[in-house]
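> This is my_file-v4.txt (compact mmCIF, C-alpha atoms).
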# COMPACT_ATOMS: atom_id res chain seq x y z
CA GLN A 1 12.93 -3.38 -8.03
CA VAL A 2 13.72 -1.04 -10.90
CA ASN A 3 17.23 -0.08 -9.90
CA ILE A 4 18.92 -3.44 -9.36
CA PRO A 5 22.45 -3.22 -10.84
CA ALA A 6 22.54 -5.20 -14.07
CA SER A 7 25.85 -6.79 -13.08
CA GLU A 8 24.17 -8.48 -10.10
CA GLY A 9 21.12 -9.83 -11.86
CA THR A 10 19.07 -12.23 -9.78
CA TYR A 11 21.83 -12.50 -7.16
CA ALA A 12 20.66 -9.12 -5.87
CA TYR A 13 17.18 -10.53 -5.30
CA ASP A 14 18.59 -13.52 -3.41
CA ARG A 15 20.19 -11.10 -0.97
CA ILE A 16 17.39 -8.53 -0.83
CA LEU A 17 14.54 -11.01 -0.38
CA GLY A 18 16.46 -12.80 2.36
CA ARG A 19 17.15 -9.56 4.20
CA MET A 20 13.56 -8.46 3.75
CA ALA A 21 12.38 -11.68 5.37
CA GLU A 22 14.80 -11.26 8.27
CA ALA A 23 13.41 -7.75 8.84
CA GLY A 24 9.79 -8.94 8.81
CA GLU A 25 8.88 -7.50 5.40
CA ASN A 26 6.36 -9.53 3.42
CA PHE A 27 5.44 -7.45 0.34
CA GLY A 28 7.23 -6.09 -2.72
CA ARG A 29 6.57 -5.09 -6.29
CA ILE A 30 8.33 -6.54 -9.36
CA TRP A 31 8.32 -4.87 -12.78
CA MET A 32 8.39 -6.91 -15.98
CA SER A 33 10.25 -4.12 -17.79
CA PRO A 34 12.60 -4.28 -20.80
CA TRP A 35 15.59 -3.88 -18.49
CA SER A 36 14.50 -6.53 -15.97
CA PHE A 37 11.97 -9.33 -16.53
CA GLY A 38 10.23 -8.21 -19.73
CA LEU A 39 9.05 -10.83 -22.21
CA GLU A 40 8.69 -8.71 -25.37
CA TRP A 41 11.00 -6.04 -26.74
CA THR A 42 13.32 -5.45 -29.67
CA LYS A 43 16.36 -7.60 -30.41
CA ALA A 44 18.48 -4.46 -30.82
CA TYR A 45 17.90 -3.74 -27.11
CA ASP A 46 18.95 -7.23 -26.04
CA VAL A 47 19.70 -10.33 -28.11
CA HIS A 48 17.32 -12.44 -26.02
CA TYR A 49 14.29 -10.46 -27.22
CA ARG A 50 12.56 -11.65 -30.37
CA GLY A 51 9.83 -9.07 -30.88
CA LEU A 52 6.09 -9.52 -30.45
CA GLY A 53 4.68 -12.92 -29.52
CA ARG A 54 8.10 -14.56 -29.11
CA TYR A 55 9.10 -14.34 -25.48
CA ASN A 56 12.42 -13.74 -23.77
CA LEU A 57 12.93 -17.09 -22.09
CA LEU A 58 16.07 -15.98 -20.29
CA ASN A 59 14.10 -13.26 -18.51
CA ALA A 60 11.31 -15.76 -17.84
CA TRP A 61 13.82 -18.10 -16.21
CA ARG A 62 15.14 -15.21 -14.12
CA LEU A 63 11.62 -14.46 -12.92
CA ASP A 64 11.13 -18.15 -12.14
CA HIS A 65 14.11 -17.93 -9.82
CA VAL A 66 13.09 -14.67 -8.15
CA LEU A 67 9.53 -15.80 -7.48
CA ARG A 68 10.82 -19.07 -6.00
CA ALA A 69 13.10 -17.04 -3.75
CA ALA A 70 10.17 -14.82 -2.77
CA GLU A 71 8.12 -17.91 -1.96
CA GLN A 72 10.89 -19.36 0.18
CA ASN A 73 11.24 -16.08 2.08
CA GLY A 74 7.54 -15.47 2.63
CA VAL A 75 7.49 -12.29 0.52
CA TYR A 76 4.42 -11.63 -1.64
CA ALA A 77 4.94 -9.89 -4.98
CA MET A 78 2.69 -7.65 -7.03
CA LEU A 79 3.79 -8.48 -10.56
CA LEU A 80 3.58 -5.52 -12.95
CA PHE A 81 3.12 -6.32 -16.65
CA THR A 82 3.76 -2.86 -18.18
CA ALA A 83 5.59 0.22 -16.89
CA HIS A 84 4.67 3.78 -17.86
CA GLY A 85 7.57 4.33 -20.28
CA GLU A 86 6.50 1.44 -22.50
CA ILE A 87 3.14 3.01 -23.30
CA GLY A 88 3.75 6.75 -23.15
CA ASP A 89 5.68 9.82 -24.15
CA TYR A 90 7.18 10.56 -20.71
CA GLU A 91 10.48 8.83 -19.89
CA SER A 92 9.60 7.01 -23.07
CA ASP A 93 10.89 3.50 -23.60
CA PHE A 94 8.34 3.26 -26.42
CA GLN A 95 10.50 5.53 -28.54
CA GLY A 96 13.73 4.10 -27.17
CA HIS A 97 16.65 6.03 -25.78
CA ASP A 98 18.71 5.44 -28.91
CA ARG A 99 16.44 5.44 -31.95
CA GLU A 100 19.28 4.79 -34.35
CA LYS A 101 19.81 1.43 -32.68
CA LYS A 102 16.07 0.65 -32.88
CA GLN A 103 15.79 -0.13 -29.18
CA GLY A 104 12.19 1.07 -28.71
CA SER A 105 8.92 -0.78 -28.38
CA PRO A 106 8.21 -3.75 -30.66
CA TYR A 107 4.63 -2.41 -30.86
CA TRP A 108 5.94 0.66 -32.75
CA SER A 109 5.58 0.46 -36.54
CA ARG A 110 9.14 1.76 -36.89
CA TYR A 111 10.30 -1.58 -35.51
CA GLY A 112 7.69 -3.73 -37.22
CA GLY A 113 4.80 -3.29 -34.80
CA PRO A 114 1.15 -2.42 -35.51
CA VAL A 115 0.97 1.18 -34.18
CA ASP A 116 2.54 4.54 -35.02
CA HIS A 117 2.03 6.21 -31.62
CA PRO A 118 1.56 5.08 -27.98
CA LYS A 119 -2.04 6.37 -27.96
CA GLU A 120 -2.95 3.74 -30.57
CA ILE A 121 -2.18 0.98 -28.05
CA TYR A 122 -5.62 1.61 -26.57
CA THR A 123 -7.49 1.50 -29.87
CA SER A 124 -5.71 -1.27 -31.81
CA GLU A 125 -7.43 -4.66 -31.74
CA GLU A 126 -4.16 -6.26 -32.86
CA VAL A 127 -2.33 -4.81 -29.87
CA LEU A 128 -5.06 -6.03 -27.53
CA GLU A 129 -4.86 -9.57 -28.87
CA LEU A 130 -1.06 -9.62 -28.63
CA TYR A 131 -1.24 -8.28 -25.09
CA LYS A 132 -3.85 -10.86 -24.04
CA GLN A 133 -1.62 -13.54 -25.52
CA LYS A 134 1.25 -12.31 -23.31
CA ALA A 135 -1.04 -12.20 -20.29
CA ARG A 136 -2.02 -15.81 -20.98
CA TYR A 137 1.64 -16.83 -20.95
CA ILE A 138 2.29 -14.96 -17.69
CA VAL A 139 -0.67 -16.60 -15.96
CA ALA A 140 0.24 -20.03 -17.33
CA ARG A 141 3.87 -19.76 -16.24
CA TRP A 142 3.56 -18.04 -12.85
CA GLY A 143 -0.04 -18.48 -11.81
CA TYR A 144 0.99 -21.52 -9.73
CA CYS A 145 3.22 -19.44 -7.48
CA SER A 146 1.90 -18.66 -4.00
CA ALA A 147 4.28 -15.67 -3.84
CA VAL A 148 2.24 -13.81 -6.48
CA MET A 149 -0.06 -11.55 -4.47
CA ALA A 150 -1.60 -9.78 -7.49
CA TRP A 151 -1.30 -9.05 -11.19
CA GLU A 152 -0.81 -5.35 -11.97
CA ILE A 153 -1.61 -4.58 -15.60
CA LEU A 154 -0.54 -0.95 -16.21
CA ASN A 155 1.60 1.44 -14.17
CA GLU A 156 0.95 5.18 -14.45
CA PRO A 157 -0.33 5.27 -18.05
CA ASP A 158 -1.53 8.82 -17.37
CA LEU A 159 2.03 10.15 -17.35
CA ALA A 160 1.52 10.29 -21.12
CA ALA A 161 0.28 13.75 -22.16
CA PHE A 162 -2.63 12.45 -24.25
CA TYR A 163 -3.86 10.35 -21.31
CA LYS A 164 -3.51 12.87 -18.47
CA GLU A 165 -5.11 15.59 -20.60
CA ASN A 166 -7.97 13.18 -21.33
CA GLN A 167 -7.82 13.78 -25.05
CA THR A 168 -10.49 12.03 -27.09
CA TYR A 169 -10.63 9.49 -29.89
CA GLN A 170 -13.91 8.86 -31.70
CA GLY A 171 -15.88 10.39 -28.84
CA GLN A 172 -14.13 8.59 -25.99
CA THR A 173 -11.44 9.94 -23.69
CA TYR A 174 -8.17 8.10 -23.29
CA GLY A 175 -9.12 7.53 -19.67
CA GLU A 176 -12.13 5.58 -20.93
CA LEU A 177 -10.12 3.84 -23.64
CA GLY A 178 -7.44 2.87 -21.13
CA ALA A 179 -10.10 1.46 -18.80
CA ARG A 180 -11.58 -0.58 -21.63
CA PHE A 181 -8.12 -2.00 -22.42
CA VAL A 182 -7.57 -2.92 -18.76
CA GLN A 183 -11.04 -4.41 -18.51
CA ASN A 184 -10.50 -6.66 -21.54
CA VAL A 185 -7.15 -7.89 -20.24
CA ALA A 186 -8.47 -8.39 -16.70
CA ARG A 187 -11.44 -10.43 -17.94
CA HIS A 188 -9.07 -12.54 -20.00
CA ILE A 189 -6.86 -13.16 -16.95
CA ARG A 190 -9.85 -13.95 -14.75
CA ALA A 191 -11.06 -16.58 -17.21
CA LEU A 192 -7.63 -18.24 -17.24
CA ASP A 193 -6.29 -17.96 -13.71
CA PRO A 194 -7.20 -21.03 -11.60
CA ALA A 195 -5.77 -19.40 -8.46
CA GLU A 196 -7.97 -16.30 -8.84
CA HIS A 197 -5.19 -13.84 -8.02
CA LEU A 198 -6.19 -10.27 -7.30
CA ILE A 199 -5.97 -7.88 -10.26
CA THR A 200 -5.17 -4.18 -10.21
CA SER A 201 -4.16 -1.38 -12.56
CA GLY A 202 -3.54 2.21 -11.57
CA CYS A 203 -2.84 5.79 -12.52
CA TYR A 204 -0.41 8.34 -11.10
CA ARG A 205 -3.05 11.08 -10.92
CA TYR A 206 -5.63 8.92 -9.22
CA ARG A 207 -7.77 11.91 -8.17
CA LYS A 208 -8.15 13.12 -11.77
CA ALA A 209 -10.91 12.42 -14.26
CA CYS A 210 -8.62 10.40 -16.52
CA ALA A 211 -8.10 7.80 -13.75
CA GLU A 212 -11.69 7.33 -12.67
CA PRO A 213 -12.86 4.90 -15.38
CA THR A 214 -10.11 2.41 -14.50
CA LEU A 215 -10.44 2.80 -10.73
CA ARG A 216 -14.19 2.12 -10.93
CA LEU A 217 -13.85 -1.11 -12.91
CA GLU A 218 -15.42 -4.13 -11.26
CA GLU A 219 -12.53 -6.16 -12.65
CA VAL A 220 -9.99 -4.10 -10.64
CA ASP A 221 -10.10 -5.72 -7.21
CA PHE A 222 -8.24 -3.02 -5.29
CA ASN A 223 -6.75 0.36 -6.08
CA THR A 224 -3.18 1.53 -5.67
CA GLY A 225 -1.58 4.94 -5.42
CA HIS A 226 1.81 6.60 -5.43
CA VAL A 227 1.93 9.27 -2.73
CA PHE A 228 4.79 11.77 -2.89
CA GLU A 229 4.23 14.87 -0.79
CA GLN A 230 6.19 17.05 1.63
CA ASP A 231 3.25 16.94 4.06
CA LEU A 232 3.22 13.17 3.78
CA GLU A 233 1.16 12.39 6.88
CA SER A 234 -1.81 14.56 5.85
CA ARG A 235 -1.69 13.40 2.24
CA LEU A 236 -1.64 9.69 3.13
CA LEU A 237 -4.77 10.09 5.22
CA SER A 238 -6.64 12.39 2.84
CA ASP A 239 -5.91 10.15 -0.15
CA LEU A 240 -7.03 7.09 1.78
CA ARG A 241 -10.28 8.85 2.67
CA TYR A 242 -10.85 9.93 -0.92
CA MET A 243 -10.01 6.62 -2.57
CA GLN A 244 -11.97 4.39 -0.22
CA GLY A 245 -14.88 6.81 -0.03
CA THR A 246 -15.10 7.30 -3.80
CA PHE A 247 -14.52 3.77 -5.06
CA ASN A 248 -15.35 1.58 -2.03
CA LYS A 249 -12.21 -0.52 -2.53
CA ILE A 250 -9.07 -1.22 -0.56
CA PHE A 251 -6.41 1.41 -1.30
CA LEU A 252 -2.79 0.25 -1.11
CA VAL A 253 0.06 2.77 -1.38
CA THR A 254 2.69 1.01 -3.49
CA GLU A 255 5.12 3.92 -3.85
CA ALA A 256 5.59 6.68 -1.29
CA GLY A 257 7.97 9.34 -0.03
CA LEU A 258 8.49 13.06 0.18
CA THR A 259 9.41 13.24 -3.51
CA PRO A 260 9.77 10.77 -6.42
CA PHE A 261 13.05 12.42 -7.36
CA ALA A 262 16.47 11.70 -5.95
CA GLN A 263 17.75 13.62 -2.94
CA ASP A 264 20.87 13.14 -0.88
CA ALA A 265 21.06 9.71 0.77
CA GLU A 266 20.60 10.97 4.32
CA THR A 267 17.43 12.93 3.55
CA THR A 268 16.03 10.00 1.58
CA ALA A 269 16.72 7.62 4.47
CA LEU A 270 14.86 9.94 6.82
CA ALA A 271 11.95 10.04 4.37
CA ILE A 272 11.81 6.23 4.31
CA HIS A 273 11.61 6.11 8.12
CA ARG A 274 8.91 8.80 8.07
CA THR A 275 6.95 6.96 5.37
CA LEU A 276 6.84 3.72 7.35
CA TRP A 277 5.72 5.14 10.68
CA SER A 278 3.28 7.74 9.37
CA SER A 279 1.54 5.23 7.09
CA PHE A 280 1.23 2.66 9.90
CA MET A 281 -0.79 5.27 11.80
CA THR A 282 -3.46 5.39 9.09
CA PRO A 283 -6.37 2.90 8.80
CA GLY A 284 -4.99 1.55 5.52
CA ALA A 285 -4.51 -2.01 4.27
CA GLY A 286 -0.75 -1.95 4.76
CA VAL A 287 2.28 0.22 5.31
CA ALA A 288 3.16 2.44 2.34
CA ALA A 289 5.99 1.00 0.24
CA PRO A 290 9.12 3.19 0.00
CA TRP A 291 10.49 3.74 -3.49
CA TRP A 292 14.27 3.61 -2.92
CA TRP A 293 15.09 -0.12 -2.76
CA VAL A 294 18.78 0.15 -3.59
CA LEU A 295 19.42 2.76 -0.89
CA ILE A 296 17.71 0.49 1.65
CA ASP A 297 19.99 -2.36 0.62
CA ARG A 298 23.26 -0.46 0.31
CA ARG A 299 22.79 1.51 3.53
CA ASP A 300 21.39 -1.55 5.34
CA LEU A 301 18.19 0.23 6.33
CA TYR A 302 16.34 -3.04 6.89
CA GLY A 303 16.40 -2.21 10.60
CA TYR A 304 13.76 0.44 9.89
CA PHE A 305 11.36 -2.33 8.87
CA ARG A 306 12.45 -4.62 11.70
CA ALA A 307 11.67 -1.93 14.26
CA LEU A 308 8.17 -1.41 12.87
CA ARG A 309 7.64 -5.18 12.68
CA ASN A 310 8.51 -5.44 16.39
CA PHE A 311 6.07 -2.65 17.20
CA ALA A 312 3.27 -4.21 15.12
CA GLU A 313 3.82 -7.81 16.19
CA GLY A 314 0.69 -9.32 17.72
CA GLU A 315 -1.46 -6.31 16.76
CA ASP A 316 -4.17 -7.64 14.43
CA ARG A 317 -6.00 -4.49 13.36
CA ARG A 318 -8.54 -6.21 11.11
CA GLY A 319 -12.16 -5.73 12.13
CA ARG A 320 -11.22 -3.55 15.12
CA ASN A 321 -12.65 -0.29 13.71
CA TYR A 322 -9.45 1.71 13.95
CA ASP A 323 -9.51 5.19 12.48
CA ALA A 324 -7.42 8.33 12.52
CA GLY A 325 -7.60 10.00 15.92
CA VAL A 326 -6.80 13.36 17.45
CA GLY A 327 -3.60 13.91 19.37
CA SER A 328 -1.00 16.54 20.13
CA ALA A 329 2.52 16.73 21.52
CA ARG A 330 4.37 19.52 23.31
CA ASP A 331 8.13 19.68 23.79
CA GLU A 332 8.79 19.89 27.52
CA ALA A 333 11.97 21.89 26.83
CA GLY A 334 10.05 24.36 24.67
CA LYS A 335 12.58 24.17 21.84
CA ARG A 336 10.78 22.07 19.23
CA SER A 337 7.45 22.15 17.44
CA LEU A 338 6.23 18.54 17.65
CA LYS A 339 3.38 16.70 15.95
CA ALA A 340 1.45 13.55 16.79
CA VAL A 341 -0.27 11.12 14.42
CA VAL A 342 -2.79 8.87 16.14
CA LEU A 343 -4.73 5.73 15.22
CA THR A 344 -7.45 4.62 17.64
CA ASN A 345 -10.70 2.70 18.03
CA GLY A 346 -11.71 4.42 21.25
CA GLN A 347 -10.37 1.61 23.42
CA ARG A 348 -6.77 1.33 22.25
CA ALA A 349 -4.47 3.70 20.40
CA PHE A 350 -1.19 3.84 18.51
CA GLY A 351 0.73 7.08 18.12
CA TRP A 352 3.78 8.48 16.39
CA ILE A 353 5.26 11.62 17.93
CA TYR A 354 7.86 13.39 15.82
CA HIS A 355 9.82 16.58 15.21
CA PRO A 356 9.10 17.46 11.54
CA ALA A 357 12.16 19.70 11.15
CA SER A 358 14.47 16.82 12.03
CA PHE A 359 13.27 14.92 8.94
CA THR A 360 14.59 17.58 6.57
CA SER A 361 18.08 18.03 5.20
CA ARG A 362 20.84 18.71 7.72
CA ALA A 363 21.43 21.94 5.82
CA THR A 364 18.21 23.34 7.27
CA TRP A 365 18.33 22.22 10.90
CA GLU A 366 20.57 21.54 13.84
CA GLU A 367 19.78 18.36 15.72
CA ALA A 368 17.69 19.25 18.76
CA PRO A 369 18.78 18.08 22.20
CA GLU A 370 16.80 15.21 23.64
CA ALA A 371 13.80 16.23 25.73
CA PRO A 372 10.55 14.60 26.87
CA ALA A 373 7.22 15.38 25.24
CA ALA A 374 3.84 15.83 26.85
CA VAL A 375 1.42 13.85 24.68
CA THR A 376 -2.37 14.11 24.66
CA ILE A 377 -4.65 11.59 22.93
CA ASN A 378 -8.32 12.42 22.66
CA GLY A 379 -11.33 10.16 22.31
CA LEU A 380 -10.29 7.13 24.39
CA LYS A 381 -12.94 5.63 26.62
CA ALA A 382 -12.61 7.02 30.14
CA GLY A 383 -10.56 4.83 32.45
CA PRO A 384 -7.01 3.67 33.26
CA TYR A 385 -4.49 2.76 30.56
CA ARG A 386 -0.96 1.39 30.36
CA ILE A 387 1.37 3.01 27.87
CA GLU A 388 4.44 1.68 26.07
CA VAL A 389 6.82 4.20 24.50
CA TRP A 390 8.97 2.73 21.71
CA ASP A 391 12.29 3.62 20.15
CA THR A 392 11.42 3.65 16.43
CA TYR A 393 14.95 2.77 15.28
CA ARG A 394 15.77 -0.04 17.68
CA GLY A 395 12.24 -1.39 17.81
CA GLU A 396 12.10 -1.76 21.57
CA VAL A 397 10.21 -0.33 24.52
CA ILE A 398 12.04 2.52 26.24
CA GLY A 399 9.36 3.50 28.73
CA ARG A 400 6.32 2.05 30.48
CA LEU A 401 3.83 4.16 32.39
CA GLU A 402 0.19 4.46 33.36
CA ALA A 403 -2.32 7.25 32.84
CA GLU A 404 -6.05 7.81 32.89
CA SER A 405 -8.37 9.02 30.18
CA ARG A 406 -10.68 11.60 31.74
CA GLN A 407 -13.65 13.69 30.73
CA THR A 408 -12.55 17.03 29.35
CA ASP A 409 -13.71 20.33 30.80
CA GLY A 410 -15.86 20.85 27.74
CA GLY A 411 -17.99 17.82 28.61
CA ALA A 412 -20.23 16.44 25.85
CA GLY A 413 -18.54 13.07 26.17
CA GLY A 414 -15.06 14.29 25.23
CA THR A 415 -12.06 12.61 26.84
CA ALA A 416 -8.32 13.22 26.97
CA LEU A 417 -5.38 11.11 28.12
CA THR A 418 -2.06 12.83 28.82
CA PHE A 419 1.37 11.36 29.53
CA ASN A 420 5.05 12.28 29.26
CA THR A 421 7.47 10.34 27.06
CA PRO A 422 11.10 9.65 27.89
CA PRO A 423 13.52 12.14 26.27
CA PHE A 424 13.98 11.81 22.50
CA ALA A 425 15.50 13.84 19.68
CA ARG A 426 13.65 12.92 16.47
CA ASP A 427 10.63 10.67 17.12
CA VAL A 428 9.06 7.98 19.27
CA ALA A 429 6.00 5.74 18.97
CA CYS A 430 3.55 4.63 21.61
CA LYS A 431 0.92 2.03 22.33
CA VAL A 432 -1.94 2.94 24.64
CA LEU A 433 -3.66 -0.18 26.00
CA PRO A 434 -6.50 -0.67 28.50
CA LYS A 435 -5.21 -1.50 31.96
Rewrite the coordinates I just gave you, this time as structure tokens.

Amino acid sequence: QVNIPASEGTYAYDRILGRMAEAGENFGRIWMSPWSFGLEWTKAYDVHYRGLGRYNLLNAWRLDHVLRAAEQNGVYAMLLFTAHGEIGDYESDFQGHDREKKQGSPYWSRYGGPVDHPKEIYTSEEVLELYKQKARYIVARWGYCSAVMAWEILNEPDLAAFYKENQTYQGQTYGELGARFVQNVARHIRALDPAEHLITSGCYRYRKACAEPTLRLEEVDFNTGHVFEQDLESRLLSDLRYMQGTFNKIFLVTEAGLTPFAQDAETTALAIHRTLWSSFMTPGAGVAAPWWWVLIDRRDLYGYFRALRNFAEGEDRRGRNYDAGVGSARDEAGKRSLKAVVLTNGQRAFGWIYHPASFTSRATWEEAPEAPAAVTINGLKAGPYRIEVWDTYRGEVIGRLEAESRQTDGGAGGTALTFNTPPFARDVACKVLPK
């Protein structure tokens, strides 16, 4: 959403939303940023901006069109009001990338606004009232739209040094001040919004003290996170455990990958595939959202989503008590070190079996020859099962077999089910269903 070429404008969304729908995708995130659908900024940045309290109606019309297209394509959008650069000192749009042209934030006193520094956004009553006024306009204009899944107030405010370091102002930390700002805006939205859309607001360092006041707010209906880690599978699960256990709210991963920074296209494409399948195998509210939209579109990677949609079709996981399980995989040729990620409720199981080295850059590996894997899944109720093995790129079954979950030698109620997959090079997925 943040990298759409300016020359394409909303035409890019017409294409992308249509292709998302064809692939079975139903969720995305739209930023109301200065360079996209923002309502307030400086006229020097773009002639359609008029400063504070006077909204960019061209951008509003563009967002009208995009949300209608999302509605028509069955895609639900989380609409972000404010990106990190607008309210911080990191990748700062507040200061503007060309100060001589006065292209920074209209809230900055240099351009006629009420504050001298981004940290004052959280302590200025004038800023709060102007922001609530903008929120009122957003709810009034787009609150009707069934494609709006949620309002997202702030994105990663803790990228600012004063926020992440939890500096204080008049005895309160900026984490607490930021939470108070979000709370005031959220209460304002709740009082206005007849459709009662969900509300969220997040932090990049969601395990840190600076994030906790916002994440605990009663007014924040669910929490989000941006998970970028080389050991993505372990981090997705551990963060889910932490967030749901600490705050007792749904945790939705709205940005994910091996790194937030650009890599070569091939490695990034592999990371997108890995993100989708590994996150499906966690007991989360939805698949983690990859960050690189433009690469998906230009390389036509929508098939990645279509394959997962085919795998997930008809599998309603709600209320079925699925949780992370225990599994392992062994390369029958003895040439690869494989891993297995398992989701199970003791009666059914899903699994993703993969060769971690084959998801790194080609500079560090040679593609392994195809070979079967011996897969073991623990904890399934004893008895016979039927197994489907899926090609994760084509989204189709490549093997059907039967196996039995048996008591393990160790006893104490432990069980194990073992089966062999068809040959594969990089990864496969499986469904284990009662016979």
> Measuring between all atoms listed in the file, which one of A:Gly395, A:Gly202, A:Gly74, A:Gly9 shows the shortest distance to Met149 in chain A?
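Smallest distance to Met149 in chain A is found for A:Gly74.
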> Find the residue from A:Leu240, A:Asp231, A:Gly325, A:Asp116 that sits nearest to Pro356 in chain A; use all atoms listed in the file when measuring.
A:Asp231
> Report, in Å to a single decimal, how far apart CA of Phe359 in chain A and CA of Leu417 in chain A are.
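That distance, rounded to one decimal, is 27.0 Å.
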> So, with all atoms listed in the file as the atoms that count, which of A:Tyr393, A:Tyr11, A:Tyr122, A:Tyr76 lies closest to Ala425 in chain A?
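Nearest candidate to Ala425 in chain A out of A:Tyr393, A:Tyr11, A:Tyr122, A:Tyr76: A:Tyr393.
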> In Å, with one decimal, what is the gap from CA of Ile377 in chain A to CA of Phe228 in chain A?
27.5 Å
> One decimal, in Å: what's the spacing between CA of Leu17 in chain A and CA of Trp151 in chain A?
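So the answer is 19.3 Å.
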> Between A:Glu71, A:Glu8, A:Asp93, A:Glu218, which one has atoms that come closest to Pro34 in chain A, using all atoms listed in the file?
A:Asp93
> Residues at most 7 Å from range 273-275 of chain A, counting all atoms listed in the file, excluding those fewer than 3 positions away in the same chain, as a list in words?
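These residues fall inside the cut-off: Ala256, Gly257, Ala269, Leu270, Ser278, Ser279, Ala288, Pro290 and Tyr304 of chain A.
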> Would you please work out which residue, of A:Pro372, A:Pro118, A:Pro423, A:Pro157, is nearest to Arg330 in chain A when using all atoms listed in the file?
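Using all atoms listed in the file, the shortest distance to Arg330 in chain A belongs to A:Pro372.
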> Nearest to Asn155 in chain A among A:Arg50, A:Lys249, A:Arg241, A:Arg29, with distances taken over all atoms listed in the file: which residue is it?
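Checking each of A:Arg50, A:Lys249, A:Arg241, A:Arg29 against Asn155 in chain A, counting all atoms listed in the file, the winner is A:Arg29.
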> For Val182 in chain A, list every protein, DNA or RNA residue within 10 Å, evaluated using all atoms listed in the file, and leave out those in the same chain fewer than 6 positions away; present the list as a compact mmCIF listing (two decimals) with C-alpha atoms, keeping the file's coordinate frame.

# COMPACT_ATOMS: atom_id res chain seq x y z
CA TYR A 122 -5.62 1.61 -26.57
CA LEU A 128 -5.06 -6.03 -27.53
CA GLU A 152 -0.81 -5.35 -11.97
CA ILE A 153 -1.61 -4.58 -15.60
CA LEU A 154 -0.54 -0.95 -16.21
CA GLU A 176 -12.13 5.58 -20.93
CA HIS A 188 -9.07 -12.54 -20.00
CA ILE A 199 -5.97 -7.88 -10.26
CA THR A 200 -5.17 -4.18 -10.21
CA SER A 201 -4.16 -1.38 -12.56
CA GLY A 202 -3.54 2.21 -11.57
CA THR A 214 -10.11 2.41 -14.50
CA LEU A 217 -13.85 -1.11 -12.91
CA GLU A 219 -12.53 -6.16 -12.65
CA VAL A 220 -9.99 -4.10 -10.64
> Give me, as a Markdown table, each residue of range 210-235 of chain A that comes within 10 Å of range 161-175 of chain A, together with its shortest interatomic pair and the distance in Å at one decimal, counting only C-alpha atoms, with rows ordered by chain and rising residue number.

| residue | atom | partner | partner_atom | distance |
| --- | --- | --- | --- | --- |
| A:Cys210 | CA | A:Gly175 | CA | 4.3 |
| A:Ala211 | CA | A:Gly175 | CA | 6.0 |
| A:Glu212 | CA | A:Gly175 | CA | 7.5 |
| A:Pro213 | CA | A:Gly175 | CA | 6.3 |
| A:Thr214 | CA | A:Gly175 | CA | 7.3 |
> What's around Ala23 in chain A at 7 Å? Count only C-alpha atoms, leave out sequence neighbours fewer than 5 positions away in its own chain, and write the answer as a PyMOL selection string.
chain A and resi 302-303+305-306
> Select all residues near (-0.9, 4.9, 1.1) (cut-off 8 Å, inclusive, file coordinates), counting all atoms listed in the file, and output them as a VMD selection string.
chain A and resid 224 to 227 236 to 237 239 to 240 251 to 256 279 284 286 to 289
